[in-house]
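Dropping entry29.txt in here (compact mmCIF, C-alpha atoms):
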```
# COMPACT_ATOMS: atom_id res chain seq x y z
CA MET Q 93 0.00 0.00 0.00
CA ARG Q 94 1.36 3.41 -0.98
CA LYS Q 95 2.08 5.93 1.73
CA ILE Q 96 0.58 9.42 1.71
CA SER Q 97 3.07 11.91 0.27
CA LEU Q 98 5.10 14.15 2.52
CA LEU Q 99 3.60 17.21 0.83
CA ILE Q 100 0.03 16.20 1.64
CA PHE Q 101 0.99 15.23 5.19
CA MET Q 102 2.58 18.64 5.80
CA ILE Q 103 -0.42 20.44 4.33
CA MET Q 104 -2.86 18.54 6.54
CA LEU Q 105 -0.62 19.04 9.57
CA SER Q 106 -0.48 22.79 8.99
CA LEU Q 107 -4.26 22.98 8.64
CA GLY Q 108 -4.86 21.17 11.91
CA ALA Q 109 -7.25 18.43 12.91
CA GLY Q 110 -10.15 20.00 11.02
CA ALA Q 111 -8.46 19.83 7.64
CA GLN Q 112 -10.69 18.52 4.87
CA ARG Q 113 -9.80 16.24 1.99
CA VAL Q 114 -12.26 15.93 -0.86
CA GLU Q 115 -11.67 13.58 -3.78
CA PHE Q 116 -13.49 13.78 -7.08
CA GLU Q 117 -13.14 12.87 -10.75
CA PHE Q 118 -12.97 15.28 -13.66
CA LYS Q 119 -12.95 14.64 -17.42
CA GLY Q 120 -10.50 16.82 -19.33
CA SER Q 121 -10.70 18.13 -22.90
CA ASP Q 122 -8.92 14.98 -24.07
CA GLY Q 123 -11.78 12.89 -22.73
CA LYS Q 124 -9.68 11.28 -20.01
CA GLN Q 125 -11.25 11.06 -16.57
CA LEU Q 126 -8.73 11.55 -13.77
CA ARG Q 127 -9.03 11.72 -10.01
CA TYR Q 128 -8.19 14.82 -7.96
CA ALA Q 129 -8.03 15.87 -4.35
CA ILE Q 130 -8.61 19.23 -2.67
CA ILE Q 131 -7.10 19.61 0.77
CA GLY Q 132 -8.23 22.26 3.24
CA ASP Q 133 -11.14 24.67 3.43
CA LEU Q 134 -13.00 24.42 0.10
CA SER Q 135 -14.05 28.06 0.33
CA LYS Q 136 -10.39 29.15 0.47
CA ALA Q 137 -8.59 26.45 -1.51
CA THR Q 138 -7.40 27.42 -5.00
CA SER Q 139 -5.63 24.29 -6.23
CA ALA Q 140 -6.14 20.55 -6.59
CA LEU Q 141 -3.78 17.56 -6.67
CA LEU Q 142 -3.90 14.95 -9.40
CA ILE Q 143 -3.88 11.68 -7.45
CA TRP Q 144 -3.88 7.93 -7.86
CA HIS Q 145 -6.90 6.20 -9.35
CA LYS Q 146 -9.80 4.68 -7.41
CA LYS Q 147 -9.68 6.46 -4.06
CA ARG Q 148 -5.90 6.38 -3.83
CA TYR Q 149 -5.37 2.62 -3.54
CA GLY Q 150 -7.13 1.12 -6.56
CA LYS Q 151 -5.78 -0.04 -9.91
CA PRO Q 152 -3.71 2.33 -12.06
CA TYR Q 153 -4.87 4.34 -15.05
CA GLU Q 154 -4.76 2.43 -18.31
CA TYR Q 155 -4.57 5.39 -20.69
CA GLU Q 156 -1.84 5.59 -23.36
CA HIS Q 157 -2.08 9.37 -23.86
CA VAL Q 158 -3.02 11.95 -21.23
CA SER Q 159 -3.20 15.74 -21.32
CA ILE Q 160 -3.41 17.06 -17.77
CA PRO Q 161 -5.72 20.09 -17.64
CA GLU Q 162 -4.62 23.38 -16.12
CA LYS Q 163 -7.92 23.71 -14.25
CA VAL Q 164 -10.62 21.41 -12.94
CA THR Q 165 -14.13 22.15 -11.67
CA TYR Q 166 -15.71 20.86 -8.48
CA LYS Q 167 -19.24 21.91 -7.50
CA GLY Q 168 -19.14 24.89 -9.80
CA LYS Q 169 -15.78 26.24 -8.62
CA GLU Q 170 -12.54 26.14 -10.60
CA TYR Q 171 -9.25 24.94 -9.10
CA LYS Q 172 -5.86 25.00 -10.77
CA VAL Q 173 -4.06 21.65 -10.99
CA GLY Q 174 -1.01 22.36 -8.85
CA GLY Q 175 0.62 18.97 -8.25
CA ILE Q 176 0.88 15.33 -9.23
CA ASP Q 177 0.89 12.94 -6.28
CA GLY Q 178 1.57 9.36 -7.36
CA ALA Q 179 -1.14 9.69 -10.00
CA PHE Q 180 0.33 7.42 -12.67
CA TYR Q 181 1.96 4.90 -10.37
CA ASN Q 182 2.35 1.62 -12.32
CA SER Q 183 0.48 2.98 -15.36
CA GLU Q 184 2.33 0.61 -17.64
CA LYS Q 185 0.38 1.58 -20.77
CA LEU Q 186 1.13 5.31 -20.55
CA LYS Q 187 3.16 6.52 -23.55
CA THR Q 188 2.72 10.29 -23.75
CA ILE Q 189 1.67 12.99 -21.33
CA ASP Q 190 1.22 16.76 -21.47
CA ILE Q 191 2.11 18.58 -18.25
CA PRO Q 192 0.63 22.09 -17.83
CA PRO Q 193 2.58 25.09 -16.45
CA THR Q 194 0.38 25.13 -13.33
CA ILE Q 195 2.13 22.07 -11.90
CA GLY Q 196 4.42 22.99 -8.99
CA TYR Q 197 5.04 19.61 -7.36
CA ILE Q 198 5.63 16.05 -8.60
CA SER Q 199 6.02 13.20 -6.12
CA ASN Q 200 8.77 10.60 -6.45
CA ASP Q 201 6.32 7.85 -7.42
CA ALA Q 202 4.12 9.93 -9.73
CA PHE Q 203 5.35 8.06 -12.82
CA GLN Q 204 7.00 5.06 -11.21
CA GLY Q 205 6.49 1.93 -13.30
CA CYS Q 206 5.58 3.84 -16.49
CA TYR Q 207 7.89 1.68 -18.54
CA GLN Q 208 6.47 2.68 -21.94
CA LEU Q 209 6.59 6.43 -21.36
CA GLU Q 210 8.23 7.93 -24.43
CA LYS Q 211 7.15 11.57 -24.51
CA VAL Q 212 6.68 14.20 -21.78
CA ASN Q 213 5.52 17.44 -23.33
CA ILE Q 214 5.68 20.81 -21.57
CA SER Q 215 4.81 24.29 -22.86
CA ASP Q 216 6.81 26.54 -20.53
CA ILE Q 217 10.46 26.03 -19.55
CA GLU Q 218 10.17 28.62 -16.76
CA ALA Q 219 7.30 26.72 -15.17
CA TRP Q 220 9.26 23.46 -15.47
CA CYS Q 221 12.23 25.03 -13.66
CA LYS Q 222 9.93 25.96 -10.77
CA ILE Q 223 8.61 22.43 -10.14
CA ASN Q 224 9.56 20.86 -6.82
CA PHE Q 225 10.49 17.25 -7.51
CA SER Q 226 10.37 14.95 -4.51
CA ALA Q 227 13.69 14.75 -2.68
CA ASN Q 228 13.53 10.96 -2.95
CA THR Q 229 13.33 10.91 -6.75
CA PRO Q 230 16.10 8.50 -7.80
CA ILE Q 231 16.00 9.55 -11.45
CA ASN Q 232 13.67 12.04 -13.04
CA GLN Q 233 12.39 9.67 -15.72
CA LEU Q 234 10.28 12.50 -17.09
CA CYS Q 235 13.38 14.26 -18.44
CA ALA Q 236 14.46 11.17 -20.31
CA HIS Q 237 11.84 12.00 -22.92
CA LEU Q 238 11.36 15.75 -22.47
CA TYR Q 239 9.70 17.82 -25.20
CA LEU Q 240 9.07 21.57 -25.24
CA ASN Q 241 6.03 22.47 -27.35
CA ASN Q 242 6.30 19.07 -29.02
CA GLU Q 243 9.98 19.51 -29.96
CA LEU Q 244 12.62 17.28 -28.38
CA VAL Q 245 14.68 19.29 -25.90
CA THR Q 246 18.29 19.60 -27.09
CA HIS Q 247 19.22 23.20 -26.21
CA ILE Q 248 17.98 25.16 -23.20
CA THR Q 249 18.36 28.76 -22.12
CA ILE Q 250 17.25 29.08 -18.51
CA PRO Q 251 14.94 32.11 -18.17
CA ASN Q 252 16.40 35.08 -16.27
CA THR Q 253 13.45 34.91 -13.89
CA ILE Q 254 14.95 31.77 -12.35
CA ASP Q 255 17.31 32.14 -9.38
CA LYS Q 256 17.69 28.42 -8.62
CA ILE Q 257 17.78 25.37 -10.84
CA LYS Q 258 16.07 22.94 -8.51
CA SER Q 259 16.98 19.35 -7.68
CA HIS Q 260 16.33 16.85 -10.48
CA THR Q 261 15.05 19.53 -12.89
CA PHE Q 262 16.94 18.09 -15.88
CA ASP Q 263 18.09 14.82 -14.31
CA TRP Q 264 18.67 12.17 -16.99
CA CYS Q 265 17.66 14.43 -19.89
CA LYS Q 266 18.95 12.12 -22.60
CA SER Q 267 18.63 14.57 -25.49
CA LEU Q 268 20.05 17.72 -23.84
CA GLU Q 269 23.22 18.98 -25.58
CA SER Q 270 23.71 22.54 -24.34
CA VAL Q 271 22.59 24.84 -21.53
CA ILE Q 272 22.91 28.58 -21.02
CA ILE Q 273 22.59 29.63 -17.39
CA PRO Q 274 21.86 33.34 -16.88
CA SER Q 275 23.30 35.65 -14.23
CA SER Q 276 20.04 35.46 -12.27
CA VAL Q 277 20.82 31.87 -11.18
CA LYS Q 278 22.53 31.73 -7.79
CA GLU Q 279 22.21 28.01 -7.10
CA ILE Q 280 22.28 24.76 -9.07
CA GLY Q 281 20.54 22.09 -7.02
CA ASN Q 282 21.38 18.47 -6.31
CA TYR Q 283 21.15 16.18 -9.35
CA ALA Q 284 20.04 19.13 -11.51
CA PHE Q 285 21.84 17.89 -14.65
CA GLN Q 286 22.86 14.41 -13.54
CA ARG Q 287 23.22 11.74 -16.23
CA CYS Q 288 22.74 13.98 -19.27
CA PRO Q 289 24.79 11.80 -21.64
CA LYS Q 290 24.83 14.25 -24.58
CA LEU Q 291 25.43 17.45 -22.62
CA LYS Q 292 28.54 19.03 -24.16
CA SER Q 293 28.23 22.74 -23.44
CA VAL Q 294 27.33 24.58 -20.23
CA LYS Q 295 27.69 28.35 -20.40
CA ILE Q 296 27.35 30.24 -17.13
CA ILE Q 297 26.80 33.96 -17.60
CA GLY Q 298 27.87 36.54 -15.05
CA ASN Q 299 29.42 36.15 -11.63
CA ASN Q 300 26.42 35.46 -9.38
CA LEU Q 301 26.34 31.67 -9.08
CA ASN Q 302 27.07 30.75 -5.44
CA SER Q 303 26.69 26.98 -5.15
CA ILE Q 304 26.62 23.76 -7.16
CA GLY Q 305 24.84 20.87 -5.46
CA GLU Q 306 25.64 17.21 -4.99
CA ASN Q 307 25.76 15.20 -8.22
CA ALA Q 308 24.74 18.34 -10.13
CA PHE Q 309 26.68 17.28 -13.25
CA SER Q 310 27.70 13.74 -12.34
CA SER Q 311 27.88 11.24 -15.22
CA CYS Q 312 27.60 13.93 -17.89
CA SER Q 313 29.84 11.83 -20.06
CA SER Q 314 30.07 14.24 -23.02
CA LEU Q 315 30.92 17.39 -21.06
CA VAL Q 316 34.42 18.47 -22.14
CA GLU Q 317 35.07 21.87 -20.59
CA LEU Q 318 33.46 24.07 -17.94
CA GLU Q 319 34.32 27.60 -16.87
CA LEU Q 320 33.02 28.24 -13.34
CA PRO Q 321 32.69 31.86 -12.17
CA ASN Q 322 34.75 32.92 -9.16
CA SER Q 323 31.52 33.64 -7.28
CA VAL Q 324 31.01 29.90 -6.65
CA LYS Q 325 31.69 29.22 -2.97
CA THR Q 326 30.62 25.59 -2.61
CA ILE Q 327 30.66 22.47 -4.75
CA GLY Q 328 28.73 19.41 -3.58
CA GLU Q 329 29.97 15.85 -3.28
CA PHE Q 330 30.04 13.96 -6.60
CA ALA Q 331 29.28 17.27 -8.40
CA PHE Q 332 31.47 16.35 -11.40
CA SER Q 333 32.08 12.67 -10.78
CA SER Q 334 32.27 10.28 -13.73
CA CYS Q 335 32.42 13.10 -16.26
CA LYS Q 336 34.69 10.94 -18.36
CA SER Q 337 35.26 13.52 -21.15
CA LEU Q 338 35.88 16.51 -18.87
CA SER Q 339 39.42 17.66 -19.65
CA LYS Q 340 39.39 21.22 -18.34
CA ILE Q 341 37.63 22.98 -15.48
CA SER Q 342 38.40 26.16 -13.56
CA ILE Q 343 38.31 26.05 -9.76
CA PRO Q 344 36.78 29.32 -8.47
CA THR Q 345 38.83 31.50 -6.16
CA ALA Q 346 36.03 31.51 -3.56
CA ILE Q 347 36.16 27.73 -3.06
CA THR Q 348 37.69 26.64 0.26
CA THR Q 349 37.07 22.88 0.09
CA ILE Q 350 37.13 20.30 -2.67
CA PRO Q 351 34.57 17.83 -1.26
CA GLN Q 352 34.55 14.04 -1.29
CA TYR Q 353 34.22 12.48 -4.74
CA ALA Q 354 33.88 15.90 -6.40
CA PHE Q 355 35.79 14.75 -9.51
CA PHE Q 356 35.80 11.02 -8.82
CA HIS Q 357 36.67 9.04 -11.98
CA SER Q 358 36.71 12.07 -14.28
CA GLN Q 359 39.36 10.37 -16.29
CA SER Q 360 40.18 13.04 -18.89
CA LEU Q 361 41.26 15.79 -16.50
CA LYS Q 362 44.90 16.63 -17.21
CA THR Q 363 45.74 19.65 -15.06
CA ILE Q 364 44.12 21.07 -11.92
CA VAL Q 365 45.01 24.46 -10.50
CA LEU Q 366 43.84 24.90 -6.91
CA PRO Q 367 43.65 28.58 -5.89
CA GLU Q 368 44.95 29.94 -2.61
CA SER Q 369 41.45 29.87 -1.15
CA VAL Q 370 41.41 26.05 -1.16
CA THR Q 371 42.44 24.84 2.30
CA SER Q 372 41.47 21.18 2.04
CA ILE Q 373 40.95 18.38 -0.46
CA LYS Q 374 38.62 15.78 0.97
CA SER Q 375 38.81 12.01 0.66
CA LYS Q 376 38.65 10.64 -2.90
CA ALA Q 377 38.02 14.08 -4.41
CA PHE Q 378 40.12 13.21 -7.49
CA GLU Q 379 40.36 9.45 -7.11
CA GLY Q 380 40.44 7.56 -10.39
CA CYS Q 381 41.41 10.61 -12.49
CA GLU Q 382 43.75 8.43 -14.50
CA GLY Q 383 44.62 11.17 -17.01
CA LEU Q 384 45.59 13.73 -14.38
CA ARG Q 385 49.22 14.72 -14.92
CA GLU Q 386 49.74 17.94 -13.01
CA VAL Q 387 48.37 19.52 -9.84
CA VAL Q 388 49.22 23.12 -9.01
CA ILE Q 389 48.59 24.13 -5.39
CA LYS Q 390 48.55 27.82 -4.46
CA ASN Q 391 48.00 27.33 -0.72
CA PRO Q 392 51.17 25.89 0.88
CA ALA Q 393 49.25 25.01 4.06
CA ILE Q 394 46.72 22.83 2.27
CA GLN Q 395 45.34 19.64 3.83
CA ILE Q 396 45.00 16.56 1.63
CA GLU Q 397 42.98 13.62 2.96
CA ASP Q 398 43.00 9.85 2.33
CA TYR Q 399 42.89 8.83 -1.35
CA ALA Q 400 42.29 12.42 -2.48
CA PHE Q 401 44.43 11.55 -5.52
CA GLY Q 402 44.14 7.79 -5.28
CA SER Q 403 44.66 5.86 -8.53
CA CYS Q 404 45.87 8.97 -10.38
CA THR Q 405 48.33 6.79 -12.25
CA SER Q 406 49.51 9.50 -14.69
CA LEU Q 407 50.30 12.09 -12.04
CA THR Q 408 53.88 13.31 -12.50
CA LYS Q 409 53.87 16.93 -11.28
CA ILE Q 410 52.72 18.37 -7.98
CA LYS Q 411 53.63 22.01 -7.45
CA GLY Q 412 53.23 24.24 -4.42
CA LEU Q 413 53.59 21.87 -1.49
CA SER Q 414 55.59 22.91 1.55
CA GLU Q 415 56.48 21.78 5.06
CA ARG Q 416 53.19 23.35 6.17
CA SER Q 417 51.22 21.05 3.90
CA ARG Q 418 49.30 18.39 5.82
CA ILE Q 419 49.05 15.29 3.72
CA SER Q 420 47.62 11.92 4.63
CA ALA Q 421 49.95 8.98 4.18
CA LYS Q 422 47.24 7.51 1.94
CA ALA Q 423 46.55 10.64 -0.10
CA PHE Q 424 48.10 9.26 -3.29
CA MET Q 425 47.49 5.57 -2.74
CA VAL Q 426 45.48 3.23 -4.86
CA ASP Q 427 42.27 2.48 -3.00
CA GLY Q 428 41.70 -1.02 -1.73
CA TYR Q 429 39.01 -1.97 -4.22
CA ASN Q 430 41.63 -3.76 -6.35
CA GLY Q 431 43.36 -5.29 -3.38
CA ASP Q 432 46.60 -3.29 -3.53
CA TYR Q 433 47.36 -0.29 -1.34
CA ASN Q 434 51.01 0.12 -2.29
CA LYS Q 435 51.15 1.43 -5.84
CA THR Q 436 52.56 4.83 -4.93
CA PRO Q 437 55.81 6.54 -3.92
CA PHE Q 438 53.94 8.80 -1.54
CA SER Q 439 53.45 6.36 1.33
CA ILE Q 440 55.03 8.11 4.32
CA GLU Q 441 54.66 7.67 8.05
CA GLN Q 442 51.10 8.34 9.10
CA TYR Q 443 52.21 10.37 12.12
CA LYS Q 444 54.33 12.78 10.06
CA ARG Q 445 51.43 13.91 7.85
CA THR Q 446 53.52 16.34 5.83
CA PHE Q 447 55.12 16.26 2.44
CA SER Q 448 58.33 17.96 3.57
CA TYR Q 449 60.64 15.15 2.49
CA PHE Q 450 59.41 15.17 -1.08
CA ALA Q 451 58.84 18.93 -1.10
CA THR Q 452 62.54 19.83 -0.78
CA GLY Q 453 62.96 20.10 -4.52
CA LYS Q 454 62.91 16.37 -5.23
CA VAL Q 455 59.21 15.88 -5.77
CA GLU Q 456 59.18 15.99 -9.57
CA ASP Q 457 62.24 13.76 -9.91
CA ALA Q 458 60.90 11.25 -7.39
CA ILE Q 459 57.59 10.96 -9.17
CA ALA Q 460 59.22 10.71 -12.58
CA GLN Q 461 61.39 7.83 -11.39
CA TRP Q 462 58.37 6.11 -9.92
CA GLN Q 463 56.50 6.39 -13.21
CA LYS Q 464 59.36 4.60 -14.99
CA LYS Q 465 59.10 1.54 -12.76
CA SER Q 466 57.87 -1.57 -14.45
CA GLU Q 467 56.67 -2.99 -11.15
CA PHE Q 468 55.66 -1.44 -7.86
CA GLU Q 469 57.37 -2.35 -4.65
CA THR Q 470 55.57 -4.39 -2.04
CA ALA Q 471 54.75 -3.09 1.41
CA GLU Q 472 57.61 -5.14 2.86
CA GLU Q 473 60.11 -3.73 0.34
CA TRP Q 474 58.94 -0.22 1.15
CA LYS Q 475 59.45 -0.81 4.90
CA GLN Q 476 63.00 -2.00 4.27
CA ARG Q 477 63.80 1.02 2.09
CA VAL Q 478 62.16 3.75 4.13
CA THR Q 479 63.94 3.42 7.45
CA ALA Q 480 65.22 6.11 9.78
CA ALA Q 481 68.81 5.22 8.88
CA ASN Q 482 68.18 5.38 5.14
CA ARG Q 483 66.31 8.67 5.43
CA GLU Q 484 69.15 10.18 7.51
CA LYS Q 485 71.65 8.97 4.94
CA GLU Q 486 69.73 10.58 2.09
CA VAL Q 487 69.52 13.85 3.97
CA LYS Q 488 73.28 13.88 4.59
CA ASN Q 489 73.90 13.22 0.89
CA GLN Q 490 71.78 16.19 -0.15
CA PRO Q 491 73.83 18.92 -1.85
```
Just dump the structure as structure tokens.
Amino acid sequence: MRKISLLIFMIMLSLGAGAQRVEFEFKGSDGKQLRYAIIGDLSKATSALLIWHKKRYGKPYEYEHVSIPEKVTYKGKEYKVGGIDGAFYNSEKLKTIDIPPTIGYISNDAFQGCYQLEKVNISDIEAWCKINFSANTPINQLCAHLYLNNELVTHITIPNTIDKIKSHTFDWCKSLESVIIPSSVKEIGNYAFQRCPKLKSVKIIGNNLNSIGENAFSSCSSLVELELPNSVKTIGEFAFSSCKSLSKISIPTAITTIPQYAFFHSQSLKTIVLPESVTSIKSKAFEGCEGLREVVIKNPAIQIEDYAFGSCTSLTKIKGLSERSRISAKAFMVDGYNGDYNKTPFSIEQYKRTFSYFATGKVEDAIAQWQKKSEFETAEEWKQRVTAANREKEVKNQP
């Protein structure tokens, strides 16, 4: 049995114990009869929810094509259709649907199980950007087949009336190739452009964007380059993970932390320049960036956590480290998923947590020599080589 949506629960809670819920059916201009609910005082209510068939827990709709009306009538009064709450749950026959600009909320199960859905048509991109998709939506399957005025969505210019691109707004939009984001946008929400496989171009206008949410561009496998404005202060976890074609990205000068998994497995990145504002690189931020060759650090007191650059097997240049740098002994290690933790020259005593030994002018040479090795040393070989006596001897032999 389906649970009542969080939205409806909060509405009823806010209205108190006397809150009303009236359900009724209405036939739209397309001849399809759908079920709706009005919650609250009927004399004051202005909107209705499109809900599941047969008093919420009956069998699903069996329509192939549905055009949701903007307004419905109940007892002589008109109500705008403001939300979709699980209405087409398991409607396996549904192929096309028209969503009106009045819709402001879509629950996570509204189209769950609509396996034949092949066209979602909208008429207003501004209205679409204002929809609140349920926080639990795993993938916005609506965007997979998104049409604007019956034309497949390939290029989008976000209207300058929008200040936030909300979570899941263009999640899994299979046809989307380019996006222009105006200066009015201050926030890109979680999963906003996740899994857009054809997205190649993202142009951000102005210097007003403040934050990019978790997984905002993750798995955008065709995205090659992205210029972020210096106004960006925060980047969410996994924001650019698995962007396998991403070869160039600018790190804004307002960023203080590169979060966990931010660029995880973005294999085409070649050079990263971290501005002075960056004080820490969190665990696995760049793990699996196999094409990464050079890292330029502008903050000598930076902190680098476990596996931040794990499995970066092409990394040969690290510039800007100092004795003030705090670096985990596992920062450059291969993670344990392949069973080997020792494929790196950067394994140093955990208690030392600095890069001073390699940062005395030898770092580039040491890495270059490591890259030439045909085989990596074992943990036991490393322990025999890196002893206090050997380290003291190397120091004494320094010019």
At most 7 Å is the cut-off: for each residue in region 252-303 of chain Q with any atom that close to an atom of region 308-313 of chain Q, write down the nearest atom pair and the distance in Å rounded to one decimal, counting only C-alpha atoms, chain first then increasing number, as a tab-separated table.
```
residue	atom	partner	partner_atom	distance
Q:Ile280	CA	Q:Ala308	CA	7.0
Q:Gly281	CA	Q:Ala308	CA	6.4
Q:Asn282	CA	Q:Ala308	CA	5.1
Q:Tyr283	CA	Q:Ala308	CA	4.3
Q:Ala284	CA	Q:Ala308	CA	5.0
Q:Phe285	CA	Q:Phe309	CA	5.1
Q:Gln286	CA	Q:Phe309	CA	4.8
Q:Arg287	CA	Q:Ser311	CA	4.8
Q:Cys288	CA	Q:Cys312	CA	5.1
Q:Pro289	CA	Q:Cys312	CA	5.1
Q:Leu291	CA	Q:Cys312	CA	6.3
```
Q) Counting all atoms listed in the file, what is within 10 Å of Val370 (chain Q), bar same-chain residues fewer than 4 positions away, as number ranges by chain? A) Q: 343-350, 366, 389-395
| request: With a distance cut-off of 10 Å and only C-alpha atoms, select the neighbouring residues of Tyr171 (chain Q), excluding the residue or stretch itself and same-chain residues fewer than 6 positions from it, and output the selection as a ChimeraX atom specification. | output: /Q:130,134,137-141,162-165
Quick one, how far is CA of Ile223 (chain Q) from CA of Phe356 (chain Q)?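 It comes out at 29.5 Å.
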| field | Who sits within 9 Å of Ala423 (chain Q), all atoms listed in the file, same chain under 2 positions skipped, as a ChimeraX atom specification | value | /Q:375-376,396-402,419-421,425-426,438-439
Check: What's the 6 Å shell around Leu407 (chain Q), counting all atoms listed in the file, without same-chain residues fewer than 6 positions away, as a count of residues only?
Finding: 3
Check: CA of Val294 (chain Q) and CA of Ile257 (chain Q) are how many Å apart?
Finding: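 A separation of 13.4 Å between them.
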